$ cat data.pdb   # PDB, C-alpha atoms
ATOM      1  CA  MET A 112     -61.644 -52.357  10.032
ATOM      2  CA  SER A 113     -64.677 -51.346  12.033
ATOM      3  CA  GLN A 114     -66.509 -54.168  13.725
ATOM      4  CA  GLY A 115     -69.650 -52.076  14.191
ATOM      5  CA  SER A 116     -70.759 -51.084  17.647
ATOM      6  CA  THR A 117     -72.415 -53.725  19.799
ATOM      7  CA  GLU A 118     -74.456 -50.864  21.236
ATOM      8  CA  GLU A 119     -77.289 -51.424  18.746
ATOM      9  CA  VAL A 120     -77.457 -55.126  19.634
ATOM     10  CA  LEU A 121     -77.401 -54.342  23.350
ATOM     11  CA  GLN A 122     -80.340 -52.003  22.883
ATOM     12  CA  ILE A 123     -82.405 -54.785  21.327
ATOM     13  CA  ARG A 124     -81.336 -57.170  24.088
ATOM     14  CA  GLN A 125     -82.199 -54.709  26.848
ATOM     15  CA  GLY A 126     -85.563 -53.882  25.263
ATOM     16  CA  ALA A 127     -86.466 -57.575  25.177
ATOM     17  CA  ASP A 128     -85.143 -58.118  28.724
ATOM     18  CA  ARG A 129     -87.260 -55.243  30.003
ATOM     19  CA  ILE A 130     -90.482 -56.719  28.565
ATOM     20  CA  LEU A 131     -89.610 -60.276  29.597
ATOM     21  CA  ALA A 132     -88.903 -59.202  33.181
ATOM     22  CA  THR A 133     -92.611 -58.708  33.749
ATOM     23  CA  ARG A 134     -94.298 -60.659  30.960
ATOM     24  CA  HIS A 135     -92.109 -63.696  30.280
ATOM     25  CA  ASP A 136     -94.499 -66.437  31.359
ATOM     26  CA  GLU A 137     -97.475 -64.980  29.547
ATOM     27  CA  ILE A 138     -95.497 -64.429  26.316
ATOM     28  CA  PHE A 139     -93.852 -67.838  26.457
ATOM     29  CA  ALA A 140     -97.215 -69.569  27.011
ATOM     30  CA  THR A 141     -98.649 -67.933  23.879
ATOM     31  CA  VAL A 142     -95.537 -68.765  21.856
ATOM     32  CA  ARG A 143     -95.607 -72.357  23.085
ATOM     33  CA  SER A 144     -99.209 -72.915  22.097
ATOM     34  CA  ALA A 145     -98.579 -71.319  18.668
ATOM     35  CA  VAL A 146     -95.532 -73.570  18.122
ATOM     36  CA  ALA A 147     -97.531 -76.654  19.129
ATOM     37  CA  GLU A 148    -100.316 -75.724  16.699
ATOM     38  CA  VAL A 149     -97.947 -75.017  13.822
ATOM     39  CA  LEU A 150     -95.871 -78.160  14.312
ATOM     40  CA  GLY A 151     -98.734 -80.388  15.370
ATOM     41  CA  CYS A 152     -96.955 -81.459  18.542
ATOM     42  CA  GLU A 153     -97.852 -81.436  22.222
ATOM     43  CA  GLU A 154     -97.285 -78.226  24.172
ATOM     44  CA  SER A 155     -95.239 -80.260  26.647
ATOM     45  CA  ASP A 156     -92.718 -81.020  23.839
ATOM     46  CA  VAL A 157     -92.114 -77.307  23.389
ATOM     47  CA  THR A 158     -89.590 -76.687  26.155
ATOM     48  CA  PRO A 159     -87.511 -73.516  26.373
ATOM     49  CA  ARG A 160     -84.408 -75.416  25.219
ATOM     50  CA  ALA A 161     -85.838 -77.712  22.532
ATOM     51  CA  SER A 162     -84.473 -76.796  19.102
ATOM     52  CA  LEU A 163     -87.462 -76.218  16.853
ATOM     53  CA  MET A 164     -85.660 -77.627  13.800
ATOM     54  CA  ALA A 165     -83.532 -80.414  15.284
ATOM     55  CA  ASP A 166     -85.905 -81.652  17.991
ATOM     56  CA  LEU A 167     -89.345 -80.665  16.714
ATOM     57  CA  HIS A 168     -88.673 -80.937  12.941
ATOM     58  CA  ALA A 169     -89.678 -77.380  12.006
ATOM     59  CA  GLU A 170     -88.911 -76.051   8.503
ATOM     60  CA  SER A 171     -88.733 -72.492   7.177
ATOM     61  CA  LEU A 172     -92.388 -72.729   6.155
ATOM     62  CA  ASP A 173     -93.329 -73.439   9.772
ATOM     63  CA  PHE A 174     -91.404 -70.361  10.912
ATOM     64  CA  LEU A 175     -93.417 -68.220   8.467
ATOM     65  CA  ASP A 176     -96.669 -69.628   9.807
ATOM     66  CA  LEU A 177     -95.460 -69.073  13.365
ATOM     67  CA  LEU A 178     -94.492 -65.469  12.670
ATOM     68  CA  PHE A 179     -97.942 -64.726  11.225
ATOM     69  CA  ARG A 180     -99.601 -66.232  14.294
ATOM     70  CA  LEU A 181     -97.388 -64.270  16.678
ATOM     71  CA  GLU A 182     -98.019 -61.042  14.772
ATOM     72  CA  SER A 183    -101.763 -61.603  15.182
ATOM     73  CA  ALA A 184    -101.571 -62.729  18.788
ATOM     74  CA  PHE A 185     -99.468 -59.773  19.956
ATOM     75  CA  GLY A 186    -100.483 -57.096  17.445
ATOM     76  CA  ILE A 187     -96.878 -56.631  16.328
ATOM     77  CA  LYS A 188     -94.985 -56.601  13.042
ATOM     78  CA  ILE A 189     -92.010 -58.939  12.789
ATOM     79  CA  PRO A 190     -89.690 -58.229   9.871
ATOM     80  CA  ARG A 191     -88.808 -61.343   7.889
ATOM     81  CA  GLY A 192     -85.310 -62.514   8.738
ATOM     82  CA  GLY A 193     -85.600 -60.194  11.738
ATOM     83  CA  ILE A 194     -83.000 -61.967  13.818
ATOM     84  CA  GLN A 195     -80.391 -61.967  11.095
ATOM     85  CA  LYS A 196     -81.090 -58.332  10.185
ATOM     86  CA  ALA A 197     -80.899 -57.301  13.837
ATOM     87  CA  THR A 198     -77.672 -59.250  14.247
ATOM     88  CA  GLN A 199     -76.035 -57.758  11.198
ATOM     89  CA  GLY A 200     -77.207 -54.242  12.094
ATOM     90  CA  SER A 201     -74.715 -51.750  10.728
ATOM     91  CA  LEU A 202     -72.072 -54.388   9.979
ATOM     92  CA  SER A 203     -71.230 -54.576   6.300
ATOM     93  CA  ASP A 204     -71.684 -57.934   4.570
ATOM     94  CA  ALA A 205     -67.938 -58.501   4.689
ATOM     95  CA  GLU A 206     -67.811 -57.764   8.416
ATOM     96  CA  PHE A 207     -70.736 -60.119   8.973
ATOM     97  CA  GLN A 208     -69.779 -63.173   6.918
ATOM     98  CA  HIS A 209     -67.158 -64.641   4.607
ATOM     99  CA  ASN A 210     -68.700 -67.005   2.030
ATOM    100  CA  GLY A 211     -71.635 -67.560   4.330
ATOM    101  CA  VAL A 212     -69.510 -68.314   7.402
ATOM    102  CA  LEU A 213     -70.209 -65.904  10.243
ATOM    103  CA  THR A 214     -67.346 -63.742  11.447
ATOM    104  CA  GLU A 215     -66.279 -63.536  15.091
ATOM    105  CA  ALA A 216     -68.032 -60.135  15.278
ATOM    106  CA  ALA A 217     -71.264 -61.726  14.040
ATOM    107  CA  LEU A 218     -70.977 -64.601  16.553
ATOM    108  CA  GLU A 219     -70.366 -62.098  19.340
ATOM    109  CA  ARG A 220     -73.560 -60.291  18.418
ATOM    110  CA  LEU A 221     -75.566 -63.513  18.238
ATOM    111  CA  ARG A 222     -74.385 -64.457  21.741
ATOM    112  CA  LEU A 223     -75.652 -61.108  22.995
ATOM    113  CA  LEU A 224     -78.964 -61.333  21.154
ATOM    114  CA  MET A 225     -79.751 -64.952  21.940
ATOM    115  CA  PRO A 226     -78.858 -65.520  25.610
ATOM    116  CA  GLU A 227     -81.324 -68.425  25.649
ATOM    117  CA  VAL A 228     -78.997 -70.460  23.421
ATOM    118  CA  ASP A 229     -76.032 -72.331  24.912
ATOM    119  CA  PRO A 230     -73.056 -70.014  24.097
ATOM    120  CA  ALA A 231     -71.019 -73.075  23.055
ATOM    121  CA  ARG A 232     -73.276 -73.461  20.024
ATOM    122  CA  PHE A 233     -72.019 -70.201  18.500
ATOM    123  CA  LYS A 234     -68.809 -71.871  17.424
ATOM    124  CA  PRO A 235     -66.510 -70.655  14.677
ATOM    125  CA  GLY A 236     -67.606 -72.030  11.302
ATOM    126  CA  LEU A 237     -71.312 -71.466  11.942
ATOM    127  CA  THR A 238     -72.959 -70.219   8.743
ATOM    128  CA  ALA A 239     -75.665 -67.579   8.351
ATOM    129  CA  ARG A 240     -77.990 -70.249   6.967
ATOM    130  CA  GLU A 241     -77.550 -72.312  10.116
ATOM    131  CA  ILE A 242     -78.825 -69.538  12.394
ATOM    132  CA  PRO A 243     -82.418 -70.893  12.308
ATOM    133  CA  THR A 244     -81.164 -74.261  13.630
ATOM    134  CA  LEU A 245     -80.444 -72.447  16.913
ATOM    135  CA  PHE A 246     -84.035 -71.248  17.344
ATOM    136  CA  THR A 247     -86.052 -72.423  20.311
ATOM    137  CA  ALA A 248     -89.498 -71.323  21.478
ATOM    138  CA  GLU A 249     -87.655 -68.972  23.822
ATOM    139  CA  THR A 250     -86.021 -67.323  20.783
ATOM    140  CA  PHE A 251     -89.473 -66.418  19.500
ATOM    141  CA  ALA A 252     -90.568 -65.193  22.945
ATOM    142  CA  ARG A 253     -87.520 -62.864  22.835
ATOM    143  CA  LEU A 254     -88.369 -61.806  19.294
ATOM    144  CA  VAL A 255     -91.896 -60.911  20.409
ATOM    145  CA  ALA A 256     -90.521 -59.046  23.434
ATOM    146  CA  TRP A 257     -88.126 -57.092  21.203
ATOM    147  CA  ARG A 258     -90.972 -56.009  18.918
ATOM    148  CA  LEU A 259     -93.171 -55.120  21.896
ATOM    149  CA  ALA A 260     -90.335 -53.038  23.335
ATOM    150  CA  GLU A 261     -89.904 -51.231  20.015
ATOM    151  CA  ALA A 262     -93.617 -50.515  19.831
ATOM    152  CA  GLU A 263     -93.955 -49.456  23.436
ATOM    153  CA  PRO A 264     -92.412 -45.961  23.502
ATOM    154  CA  ALA A 265     -94.705 -44.953  20.633
ATOM    155  CA  GLN A 266     -97.687 -46.679  22.286
ATOM    156  CA  ALA A 267     -98.587 -48.199  18.930
ATOM    157  CA  PRO A 268    -102.197 -49.356  18.885
ATOM    158  CA  VAL A 269    -102.806 -53.090  18.814
ATOM    159  CA  ALA A 270    -104.427 -53.943  15.502
TER     160      ALA A 270
ATOM    161  CA  MET B 205    -108.116 -79.492 -18.963
ATOM    162  CA  ARG B 206    -106.279 -76.281 -18.291
ATOM    163  CA  PHE B 207    -105.856 -75.025 -14.793
ATOM    164  CA  LEU B 208    -107.295 -71.525 -14.729
ATOM    165  CA  LEU B 209    -109.839 -71.674 -11.951
ATOM    166  CA  ILE B 210    -110.889 -68.035 -11.952
ATOM    167  CA  ASP B 211    -112.775 -66.731 -15.000
ATOM    168  CA  ARG B 212    -112.849 -63.048 -14.150
ATOM    169  CA  ILE B 213    -111.572 -60.810 -11.376
ATOM    170  CA  LEU B 214    -114.250 -58.219 -10.603
ATOM    171  CA  GLN B 215    -112.462 -56.254  -7.894
ATOM    172  CA  LEU B 216    -108.910 -56.137  -6.585
ATOM    173  CA  GLU B 217    -107.894 -53.602  -3.965
ATOM    174  CA  PRO B 218    -104.183 -54.045  -3.163
ATOM    175  CA  GLY B 219    -103.549 -54.620   0.526
ATOM    176  CA  ARG B 220    -107.244 -55.312   1.119
ATOM    177  CA  PHE B 221    -109.278 -57.797  -0.912
ATOM    178  CA  ALA B 222    -110.184 -59.319  -4.271
ATOM    179  CA  VAL B 223    -113.401 -60.712  -5.726
ATOM    180  CA  GLY B 224    -113.480 -63.155  -8.624
ATOM    181  CA  VAL B 225    -115.909 -65.513 -10.311
ATOM    182  CA  LYS B 226    -115.776 -69.067 -11.599
ATOM    183  CA  ASN B 227    -118.528 -70.670 -13.634
ATOM    184  CA  PRO B 228    -117.999 -74.423 -13.739
ATOM    185  CA  THR B 229    -119.903 -76.003 -16.632
ATOM    186  CA  MET B 230    -120.943 -79.513 -17.517
ATOM    187  CA  SER B 231    -118.164 -79.651 -20.137
ATOM    188  CA  GLU B 232    -115.418 -79.855 -17.465
ATOM    189  CA  ASP B 233    -113.672 -83.235 -17.905
ATOM    190  CA  TYR B 234    -113.620 -84.034 -14.207
ATOM    191  CA  PHE B 235    -117.392 -84.291 -13.964
ATOM    192  CA  ALA B 236    -117.138 -87.627 -15.801
ATOM    193  CA  ASP B 237    -115.594 -89.115 -12.662
ATOM    194  CA  HIS B 238    -116.596 -86.715  -9.892
ATOM    195  CA  PHE B 239    -119.155 -88.142  -9.811
ATOM    196  CA  PRO B 240    -120.787 -90.206 -12.572
ATOM    197  CA  ALA B 241    -124.488 -89.268 -12.701
ATOM    198  CA  PHE B 242    -123.974 -86.766  -9.878
ATOM    199  CA  PRO B 243    -121.520 -84.079 -10.977
ATOM    200  CA  VAL B 244    -119.969 -82.072  -8.118
ATOM    201  CA  VAL B 245    -117.049 -79.613  -8.307
ATOM    202  CA  PRO B 246    -114.194 -81.139  -6.266
ATOM    203  CA  GLY B 247    -113.541 -79.160  -3.097
ATOM    204  CA  VAL B 248    -109.820 -79.032  -3.806
ATOM    205  CA  LEU B 249    -110.516 -77.160  -7.021
ATOM    206  CA  ILE B 250    -112.472 -74.552  -5.073
ATOM    207  CA  VAL B 251    -109.473 -74.167  -2.770
ATOM    208  CA  GLU B 252    -107.222 -73.877  -5.829
ATOM    209  CA  ALA B 253    -109.516 -71.134  -7.171
ATOM    210  CA  MET B 254    -109.181 -69.360  -3.805
ATOM    211  CA  ALA B 255    -105.394 -69.747  -4.014
ATOM    212  CA  GLN B 256    -105.264 -68.415  -7.589
ATOM    213  CA  LEU B 257    -107.276 -65.350  -6.629
ATOM    214  CA  SER B 258    -105.359 -64.852  -3.373
ATOM    215  CA  GLY B 259    -102.034 -65.208  -5.200
ATOM    216  CA  ARG B 260    -102.967 -62.310  -7.440
ATOM    217  CA  LEU B 261    -104.133 -60.301  -4.454
ATOM    218  CA  VAL B 262    -100.768 -60.901  -2.761
ATOM    219  CA  ALA B 263     -98.817 -60.156  -5.944
ATOM    220  CA  TYR B 264    -100.571 -56.854  -6.617
ATOM    221  CA  SER B 265    -100.382 -55.898  -2.930
ATOM    222  CA  VAL B 266     -96.605 -56.340  -3.025
ATOM    223  CA  ARG B 267     -96.479 -54.479  -6.319
ATOM    224  CA  ALA B 268     -98.475 -51.574  -4.876
ATOM    225  CA  GLU B 269     -96.124 -51.347  -1.899
ATOM    226  CA  SER B 270     -92.735 -51.791  -3.507
ATOM    227  CA  GLY B 271     -93.182 -52.015  -7.264
ATOM    228  CA  GLU B 272     -91.713 -55.533  -7.125
ATOM    229  CA  VAL B 273     -93.182 -58.192  -9.438
ATOM    230  CA  VAL B 274     -93.475 -61.474  -7.514
ATOM    231  CA  LEU B 275     -94.821 -64.966  -8.222
ATOM    232  CA  PRO B 276     -96.694 -66.232  -5.177
ATOM    233  CA  VAL B 277     -96.938 -69.971  -4.576
ATOM    234  CA  LEU B 278     -99.229 -71.800  -2.201
ATOM    235  CA  LEU B 279     -97.611 -72.627   1.152
ATOM    236  CA  THR B 280    -100.417 -73.583   3.509
ATOM    237  CA  ILE B 281    -104.144 -74.268   3.493
ATOM    238  CA  GLN B 282    -105.879 -73.968   6.828
ATOM    239  CA  GLN B 283    -109.415 -74.201   8.085
ATOM    240  CA  ALA B 284    -110.741 -75.473   4.757
ATOM    241  CA  ARG B 285    -114.446 -76.244   4.984
ATOM    242  CA  PHE B 286    -116.763 -77.454   2.251
ATOM    243  CA  ARG B 287    -120.272 -76.577   3.291
ATOM    244  CA  ARG B 288    -122.413 -77.180   0.187
ATOM    245  CA  PHE B 289    -122.051 -78.984  -3.146
ATOM    246  CA  VAL B 290    -121.155 -76.852  -6.135
ATOM    247  CA  ARG B 291    -122.836 -78.212  -9.259
ATOM    248  CA  PRO B 292    -122.339 -77.526 -12.981
ATOM    249  CA  GLY B 293    -124.043 -74.254 -13.887
ATOM    250  CA  ASP B 294    -123.510 -72.677 -10.461
ATOM    251  CA  ALA B 295    -121.910 -69.240 -10.599
ATOM    252  CA  VAL B 296    -119.290 -69.246  -7.846
ATOM    253  CA  THR B 297    -118.158 -65.912  -6.408
ATOM    254  CA  ILE B 298    -114.885 -66.014  -4.514
ATOM    255  CA  ARG B 299    -113.730 -63.305  -2.178
ATOM    256  CA  SER B 300    -110.289 -63.165  -0.611
ATOM    257  CA  ASP B 301    -109.287 -60.773   2.158
ATOM    258  CA  LEU B 302    -105.637 -60.108   2.865
ATOM    259  CA  LEU B 303    -105.042 -60.704   6.569
ATOM    260  CA  GLN B 304    -101.284 -60.239   6.777
ATOM    261  CA  LEU B 305     -98.430 -59.423   4.437
ATOM    262  CA  THR B 306     -94.738 -59.700   5.285
ATOM    263  CA  ASP B 307     -91.766 -59.315   2.992
ATOM    264  CA  GLY B 308     -91.941 -63.037   2.159
ATOM    265  CA  ALA B 309     -95.533 -64.167   2.271
ATOM    266  CA  GLY B 310     -99.164 -63.191   2.540
ATOM    267  CA  ARG B 311    -102.030 -64.800   4.402
ATOM    268  CA  CYS B 312    -105.592 -64.561   3.075
ATOM    269  CA  LYS B 313    -109.029 -65.564   4.264
ATOM    270  CA  ALA B 314    -111.171 -66.724   1.363
ATOM    271  CA  GLU B 315    -114.798 -67.661   0.918
ATOM    272  CA  ALA B 316    -116.787 -69.045  -1.978
ATOM    273  CA  ARG B 317    -120.502 -68.378  -2.455
ATOM    274  CA  VAL B 318    -123.175 -69.429  -4.893
ATOM    275  CA  GLY B 319    -125.634 -66.567  -4.715
ATOM    276  CA  GLU B 320    -125.880 -65.721  -1.026
ATOM    277  CA  GLN B 321    -125.117 -69.282   0.004
ATOM    278  CA  LEU B 322    -121.675 -69.881   1.525
ATOM    279  CA  VAL B 323    -120.230 -73.034  -0.094
ATOM    280  CA  ALA B 324    -116.613 -73.094   1.114
ATOM    281  CA  THR B 325    -114.156 -71.191   3.300
ATOM    282  CA  ALA B 326    -110.402 -71.496   3.801
ATOM    283  CA  GLU B 327    -107.298 -69.625   4.841
ATOM    284  CA  VAL B 328    -104.386 -69.775   2.439
ATOM    285  CA  MET B 329    -100.804 -68.618   2.828
ATOM    286  CA  LEU B 330     -98.731 -67.786  -0.246
ATOM    287  CA  GLY B 331     -95.000 -67.223  -0.280
ATOM    288  CA  TYR B 332     -92.994 -65.404  -2.861
ATOM    289  CA  ASP B 333     -89.296 -65.404  -2.103
ATOM    290  CA  THR B 334     -86.344 -67.643  -1.347
ATOM    291  CA  GLY B 335     -86.496 -69.885   1.659
ATOM    292  CA  SER B 336     -90.098 -70.814   1.017
ATOM    293  CA  GLY B 337     -89.589 -72.714  -2.212
ATOM    294  CA  ALA B 338     -90.629 -69.949  -4.578
ATOM    295  CA  GLY B 339     -87.059 -68.739  -4.995
ATOM    296  CA  VAL B 340     -85.961 -71.940  -6.709
ATOM    297  CA  ILE B 341     -87.707 -71.178 -10.015
ATOM    298  CA  PRO B 342     -84.921 -70.954 -12.650
ATOM    299  CA  GLU B 343     -84.407 -67.512 -14.136
ATOM    300  CA  ALA B 344     -85.474 -68.439 -17.688
ATOM    301  CA  ALA B 345     -88.645 -70.124 -16.469
ATOM    302  CA  ARG B 346     -89.337 -67.179 -14.246
ATOM    303  CA  ARG B 347     -89.197 -64.717 -17.136
ATOM    304  CA  LYS B 348     -91.570 -66.914 -19.126
ATOM    305  CA  LEU B 349     -93.899 -67.232 -16.140
ATOM    306  CA  GLU B 350     -93.960 -63.489 -15.628
ATOM    307  CA  ALA B 351     -94.884 -62.863 -19.261
ATOM    308  CA  TRP B 352     -97.587 -65.549 -19.100
ATOM    309  CA  GLY B 353     -98.867 -64.098 -15.816
ATOM    310  CA  GLU B 354     -99.168 -60.601 -17.299
ATOM    311  CA  GLU B 355    -101.141 -61.958 -20.248
ATOM    312  CA  ILE B 356    -103.526 -64.021 -18.106
ATOM    313  CA  ASN B 357    -103.963 -61.258 -15.546
ATOM    314  CA  ARG B 358    -104.755 -58.739 -18.222
ATOM    315  CA  SER B 359    -107.694 -60.807 -19.473
ATOM    316  CA  LEU B 360    -108.823 -61.782 -15.970
ATOM    317  CA  LEU B 361    -108.778 -58.217 -14.697
ATOM    318  CA  GLY B 362    -109.963 -56.429 -17.822
ATOM    319  CA  GLU B 363    -108.093 -53.478 -19.314
ATOM    320  CA  GLU B 364    -109.225 -50.848 -16.849
ATOM    321  CA  LEU B 365    -108.414 -52.696 -13.637
ATOM    322  CA  TYR B 366    -105.217 -54.104 -15.136
ATOM    323  CA  ALA B 367    -104.036 -50.621 -16.059
ATOM    324  CA  ARG B 368    -104.823 -49.292 -12.591
ATOM    325  CA  LEU B 369    -102.943 -52.131 -10.871
ATOM    326  CA  THR B 370     -99.864 -52.034 -13.054
ATOM    327  CA  GLN B 371     -99.222 -48.313 -13.174
ATOM    328  CA  PRO B 372     -96.057 -47.490 -11.227
ATOM    329  CA  ALA B 373     -96.357 -47.025  -7.459
ATOM    330  CA  VAL B 374    -100.143 -47.350  -7.494
ATOM    331  CA  ASN B 375    -101.740 -46.548  -4.121
ATOM    332  CA  ARG B 376     -98.459 -45.681  -2.477
ATOM    333  CA  GLU B 377     -99.584 -42.191  -1.561
ATOM    334  CA  SER B 378    -103.134 -42.990  -0.637
ATOM    335  CA  ARG B 379    -102.371 -45.111   2.416
TER     336      ARG B 379
END
$ encode --input "data.pdb" --output "structure tokens"
Amino acid sequence: MSQGSTEEVLQIRQGADRILATRHDEIFATVRSAVAEVLGCEESDVTPRASLMADLHAESLDFLDLLFRLESAFGIKIPRGGIQKATQGSLSDAEFQHNGVLTEAALERLRLLMPEVDPARFKPGLTAREIPTLFTAETFARLVAWRLAEAEPAQAPVA
Amino acid sequence: MRFLLIDRILQLEPGRFAVGVKNPTMSEDYFADHFPAFPVVPGVLIVEAMAQLSGRLVAYSVRAESGEVVLPVLLTIQQARFRRFVRPGDAVTIRSDLLQLTDGAGRCKAEARVGEQLVATAEVMLGYDTGSGAGVIPEAARRKLEAWGEEINRSLLGEELYARLTQPAVNRESR
């Protein structure tokens, strides 16, 4: 059984790393203020490690609102469910999850894609639906960086 | 009272904007209480009219892109401002511009005018898939809703616009 190459995940990771190397603080500051506006909390509550769902009480609706704001702020397009789609990549559904529970291959990819999350949290038994519980503001900064990296070679105009 | 807060859709350009009208009259039940001797259209109903128009804009924008028939529901209202009273007999024109569309939701900026006068503005977000609440509509209810929606939309849009918006893959080539 093929586990799919981690090459595609590494490419996303390296693209995001490349952008964050020079623009991390600026991107994170914009993400933090967007998160604070969406959740109606103080910017100081939005730390790189705070879980948006567990600590700041975000729901899926808030993530939608946040994605729209980040698209506007950075002139990018973020596919819905982008993190899960990027994680699954070329893995088939069966290689990615069994009855909703993520496979070891899926967990491995998540660890690569989300270095901001404590690796211990990607424990066996984690379900696909629980992925958003791992999100922090840093996750969204990485998501933005990934999209910026994708757009960069083509020099896509900022809308 | 029923809850159709747009009387006619004059223009609807998928992916761009829609314009509709609402003519509140003295026979609306709510004027008895809002307010006695000084009838004013409740601001929330103007926002609902904006949401009803924007929902159709989102639905036909998705349909133009992918052919998918979706049922948008209201997720957020932001920046709502009520600038002037709307009174019975005022002809309210509502315009909604699509700001953003993802594969789960659309965000629109709407304004309501009486003549040239701006009476209300708001931003509304409508979602249309699972994860945002809209996916929980049971299948049987959904089929009924879709049939009802087609019927209402047909009279709101008029035959010509309705036909243009519902032909397969409308606008796919032209963008």
$ resolve_selection --input "data.pdb" --expression "the PyMOL selection byres ((chain A) within 8 of (chain B))" --output "ChimeraX atom specification"
/A:171-172,175,179,190-191
$ resolve_selection --input "data.pdb" --expression "the PyMOL selection byres ((chain B and resi 271) around 9)" --output "number ranges by chain"
B: 264, 266-270, 272-273, 370, 372-374
$ atom_distance --input "data.pdb" --atom1 "CA of Ala316 in chain B" --atom2 "CA of Arg288 in chain B"
10.1 Å
$ atom_distance --input "data.pdb" --atom1 "CA of Gly219 in chain B" --atom2 "CA of Asp176 in chain A"
18.9 Å
$ residues_around --input "data.pdb" --residues "Asp156 in chain A" --least-positions-apart "3" --cutoff "10 Å" --atoms "all atoms listed in the file" --output "JSON, numbers by chain"
{"A": [143, 146, 147, 152, 153, 159, 161, 163, 166, 167]}
$ write_last_selection --input "data.pdb" --atoms "C-alpha atoms" --output "short mmCIF file (atom, residue, chain, number, x, y, z; two decimals), in the coordinates of the input"
data_model
loop_
_atom_site.label_atom_id
_atom_site.label_comp_id
_atom_site.auth_asym_id
_atom_site.auth_seq_id
_atom_site.Cartn_x
_atom_site.Cartn_y
_atom_site.Cartn_z
CA ARG A 143 -95.61 -72.36 23.08
CA VAL A 146 -95.53 -73.57 18.12
CA ALA A 147 -97.53 -76.65 19.13
CA CYS A 152 -96.96 -81.46 18.54
CA GLU A 153 -97.85 -81.44 22.22
CA PRO A 159 -87.51 -73.52 26.37
CA ALA A 161 -85.84 -77.71 22.53
CA LEU A 163 -87.46 -76.22 16.85
CA ASP A 166 -85.90 -81.65 17.99
CA LEU A 167 -89.34 -80.67 16.71
#
$ residues_around --input "data.pdb" --residues "range 249-264 of chain A" --least-positions-apart "6" --cutoff "8 Å" --atoms "all atoms listed in the file" --output "number ranges by chain"
A: 123-124, 126-131, 135, 138-139, 142, 159-160, 181, 185, 187-189, 194, 225, 227
$ residues_around --input "data.pdb" --residues "Val251 in chain B" --least-positions-apart "3" --cutoff "10 Å" --atoms "only C-alpha atoms" --output "mmCIF file with C-alpha atoms, keeping the file's coordinate frame"
data_model
loop_
_atom_site.group_PDB
_atom_site.id
_atom_site.type_symbol
_atom_site.label_atom_id
_atom_site.label_comp_id
_atom_site.auth_asym_id
_atom_site.auth_seq_id
_atom_site.Cartn_x
_atom_site.Cartn_y
_atom_site.Cartn_z
ATOM 1 C CA LEU B 209 -109.839 -71.674 -11.951
ATOM 2 C CA PRO B 246 -114.194 -81.139 -6.266
ATOM 3 C CA GLY B 247 -113.541 -79.160 -3.097
ATOM 4 C CA VAL B 248 -109.820 -79.032 -3.806
ATOM 5 C CA MET B 254 -109.181 -69.360 -3.805
ATOM 6 C CA ALA B 255 -105.394 -69.747 -4.014
ATOM 7 C CA GLN B 256 -105.264 -68.415 -7.589
ATOM 8 C CA LEU B 257 -107.276 -65.350 -6.629
ATOM 9 C CA ILE B 281 -104.144 -74.268 3.493
ATOM 10 C CA ALA B 284 -110.741 -75.473 4.757
ATOM 11 C CA ARG B 285 -114.446 -76.244 4.984
ATOM 12 C CA PHE B 286 -116.763 -77.454 2.251
ATOM 13 C CA ILE B 298 -114.885 -66.014 -4.514
ATOM 14 C CA ALA B 314 -111.171 -66.724 1.363
ATOM 15 C CA GLU B 315 -114.798 -67.661 0.918
ATOM 16 C CA ALA B 316 -116.787 -69.045 -1.978
ATOM 17 C CA ALA B 324 -116.613 -73.094 1.114
ATOM 18 C CA THR B 325 -114.156 -71.191 3.300
ATOM 19 C CA ALA B 326 -110.402 -71.496 3.801
ATOM 20 C CA GLU B 327 -107.298 -69.625 4.841
ATOM 21 C CA VAL B 328 -104.386 -69.775 2.439
#
$ resolve_selection --input "data.pdb" --expression "the PyMOL selection byres ((chain B and resi 216) around 9)" --output "number ranges by chain"
B: 213-215, 217-218, 220-224, 260-261, 264, 361, 365, 369
$ atom_distance --input "data.pdb" --atom1 "CA of Ser258 in chain B" --atom2 "CA of His168 in chain A"
28.3 Å
$ residues_around --input "data.pdb" --residues "Thr141 in chain A" --least-positions-apart "4" --cutoff "8 Å" --atoms "only C-alpha atoms" --output "ChimeraX atom specification"
/A:137,145,184
$ closest_residue --input "data.pdb" --among "A:Leu202, A:Leu177, A:Leu218, A:Val212" --to "Gly236 in chain A" --atoms "only C-alpha atoms"
A:Val212
$ closest_residue --input "data.pdb" --among "B:Leu330, B:Val290, B:Val225, B:Ala253" --to "His238 in chain B" --atoms "all atoms listed in the file"
B:Val290
$ axis_aligned_box --input "data.pdb" --around "range 209-218 of chain B" --padding-each-side "6 Å" --output "JSON"
{"center_x": -109.2, "center_y": -62.6, "center_z": -9.1, "size_x": 22.1, "size_y": 30.1, "size_z": 23.8}
